[in-house]
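Asker: Quick one: structure below, then a few questions.
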Amino acid sequence: MLFDTLAARLRDRVDGEVRFDAGSRAAYSTDASNYRQVPIGVVVPRTPEAAADAVDVCREFDVPILSRGGGTSLAGQCCNVAVVLDWSKYCTRVLSVDDRAGTAVVEPGIKLDDLNDALASSGWMVGPKPSTHVSCTIGGMIGNNSCGSTAQAYGKMVDSVRRLEVSTYDGLRMWVQAADDEKFDHAVREGGRRGEIYHGLRALRDRYAEDIRDRYPDIPRRVSGYNLDSLLPEKNFDLAQLLVGSESTLVTVLRAELQLVRRPAAEALVLLGFDDITAAADAVPLVLPHHPAALEGIDHRLVQLEHSRRLAENALRLLPDGRAWLMVRIDGENQADADAAAEAMITDVRRH
């Protein structure tokens, strides 16, 4: 009865599709992982404002909410006993592009490939590129702090986020970004819930700053846990970056401003074959000095699985001999530069 009333209130208040039927709940109970959690219901908002309205209704009924993009998560991030907000159908707009600054403001449901296609004429693109780039959404990438094979060149999603418009569960809407002392003091002086959040987070930062510096692992692909290091003074108290990777547990992201990167003028792909995955791993330090734009390793198990299911047969035939492989992308100012740099890398790896 409670959920029937909830569904009715959502239909009355929210501009979007409200789906509490058994079929929809079953369809949204899984993602790309092995997990299954049947949601309370599903809301497909037509605008970010509609999503904020859905958050307000869920707060009135004291039920949890979960943002969902393309459902490509591998660890169950898109599954929960909650009201699921599916951003991927309607909230897919590119709101603005600054060609000079290389930034774009987008809605969270836009797919990565669709965004990059829309940016193609500008010469800019989003740096991180997960393997699910065809279907993963920008909001999902922010939630998971995605990186992908291009992490060598462009880092993680946290490195691409400039600002976020967010809604807290208690109804506060605000844009967050890096804040120097002047901006922080201004936020606190304004008071209200925003000032309370800023003050509380800074107190948390000050209490644990040394522990964060000493114990947070300094590794390129640290995507687990909250980015508390983004609150440190050397990171300019960046609340947007703090929220990247929080997997819908802290706020609902309504819009995002991204820092883009220049599209490479030319690129070359190199496939290196090795006797086993250990040998492939040993070769990575030889590849890194050549500044690869992308670097991925695969072993024979993945290839055997693809072959057994007759997937990507043409691509498999292009693999060099071996039981493990490194795929390396080298960028250049022109094709000759990219090809030459790739040849130098191959020579270096063979020499060792």
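Naming works like this for the structure tokens: A, B, ... for the chains as they're shown, residue 1 at the start of each chain, ligands 1 onward in shown order.
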Could you name the residues that touch Arg93 (chain A) at 8 Å or less, counting only C-alpha atoms, but leaving out those on the same chain fewer than 6 positions away, as a ChimeraX atom specification?
Answerer: /A:106-107,109-110
Asker: Determine, counting only C-alpha atoms, which protein, DNA and RNA residues have an atom within 8 Å of an atom of Asn34 (chain A); residues of the same chain fewer than 4 positions away are not included. Present the result as a list in words.
Answerer: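 Near Asn34 (chain A), the qualifying residues are Thr30, Leu74, Ala75 and Gly76 of chain A.
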Asker: Have a look at CA of Asp276 (chain A) and CA of Leu302 (chain A) and let me know their distance in Å, one decimal.
Answerer: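 Straight-line distance from CA of Asp276 (chain A) to CA of Leu302 (chain A) works out to 12.8 Å.
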Asker: Between CA of Val38 (chain A) and CA of Val84 (chain A), what distance in Å does the model show, to one decimal?
Answerer: 10.0 Å
Asker: Could you give me, as a list in words, the residues within 9 Å of region 14-28 of chain A, counting only C-alpha atoms and dropping anything in the same chain fewer than 5 positions from it?
Answerer: Phe3, Asp4, Ala7, Ala8, Arg9, Arg36, Gln37, Val38, Pro39, Ile40, Gly41, Val42, Val43, Val44, Pro45, Arg46, Thr47, Glu49, Ala50, Ala51, Ala52, Asp53, Ala54, Val57, Gly71, Cys78, Cys79, Val84 and Tyr90 of chain A
Asker: So that I can see what lies close to region 170-186 of chain A, please list as a list in words the residues with an atom at most 6 Å from it, counting only C-alpha atoms and leaving out residues fewer than 3 positions away in the same chain.
Answerer: Arg163, Leu164, Glu165, Val166, Ser167, Arg189, Asn236, Phe237, Asp238, Leu239 and Ala240 of chain A
Asker: With N, CA, C and O atoms retained, export the selected residues as a compact mmCIF listing (two decimals), in the first residue's frame.
Answerer:
```txt
# COMPACT_ATOMS: atom_id res chain seq x y z
N ARG A 163 32.80 20.94 -12.74
CA ARG A 163 31.71 21.33 -11.84
C ARG A 163 30.59 20.30 -11.95
O ARG A 163 30.44 19.63 -12.96
N LEU A 164 29.78 20.22 -10.90
CA LEU A 164 28.61 19.37 -10.90
C LEU A 164 27.44 20.14 -10.30
O LEU A 164 27.59 20.82 -9.29
N GLU A 165 26.27 20.01 -10.93
CA GLU A 165 25.04 20.46 -10.29
C GLU A 165 24.43 19.25 -9.62
O GLU A 165 24.19 18.23 -10.28
N VAL A 166 24.17 19.36 -8.32
CA VAL A 166 23.73 18.19 -7.57
C VAL A 166 22.50 18.53 -6.74
O VAL A 166 22.20 19.69 -6.46
N SER A 167 21.79 17.47 -6.37
CA SER A 167 20.68 17.57 -5.42
C SER A 167 20.99 16.64 -4.26
O SER A 167 21.26 15.45 -4.47
N ARG A 189 29.58 31.97 5.12
CA ARG A 189 28.91 33.19 5.57
C ARG A 189 27.46 33.23 5.11
O ARG A 189 26.59 33.77 5.81
N ASN A 236 42.53 22.20 -3.61
CA ASN A 236 41.60 23.34 -3.63
C ASN A 236 40.20 23.00 -3.16
O ASN A 236 39.21 23.56 -3.65
N PHE A 237 40.08 22.10 -2.18
CA PHE A 237 38.78 21.80 -1.58
C PHE A 237 37.75 21.60 -2.70
O PHE A 237 36.74 22.30 -2.80
N ASP A 238 37.99 20.62 -3.55
CA ASP A 238 37.17 20.41 -4.75
C ASP A 238 36.03 19.46 -4.45
O ASP A 238 36.18 18.24 -4.46
N LEU A 239 34.84 20.02 -4.18
CA LEU A 239 33.70 19.18 -3.83
C LEU A 239 33.21 18.37 -5.02
O LEU A 239 32.68 17.27 -4.83
N ALA A 240 33.35 18.89 -6.23
CA ALA A 240 32.93 18.12 -7.40
C ALA A 240 33.76 16.84 -7.50
O ALA A 240 33.22 15.74 -7.71
```
Asker: Which residues of region 283-315 of chain A come within 6 Å of region 321-328 of chain A, and for each one, what is the closest pair of atoms and their distance in Å to one decimal, counting only C-alpha atoms, sorted by chain and residue number, as a tab-separated table?
Answerer:
```
residue	atom	partner	partner_atom	distance
A:Ala294	CA	A:Val328	CA	5.7
A:Leu295	CA	A:Val328	CA	4.7
A:Glu296	CA	A:Met327	CA	5.2
A:Gly297	CA	A:Leu326	CA	4.5
A:Ile298	CA	A:Trp325	CA	5.5
A:Asp299	CA	A:Ala324	CA	4.2
A:His300	CA	A:Arg323	CA	4.8
```
Asker: Report, in Å to a single decimal, how far apart CA of Gly148 (chain A) and CA of Val83 (chain A) are.
Answerer: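 We find that CA of Val83 (chain A) and CA of Gly148 (chain A) lie 28.8 Å from each other.
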Asker: Residues of region 267-311 of chain A in helix (DSSP H, G or I) according to DSSP, as a PyMOL selection string?
Answerer: chain A and resi 277-290+300-308
Asker: Could you give me, as a PyMOL selection string, each residue of region 54-278 of chain A that DSSP assigns to strand (DSSP E) when run on this structure's backbone?
Answerer: chain A and resi 65-68+83-86+94-98+103-106+124-125+161-167+173-176+252-259+261-262+266-274
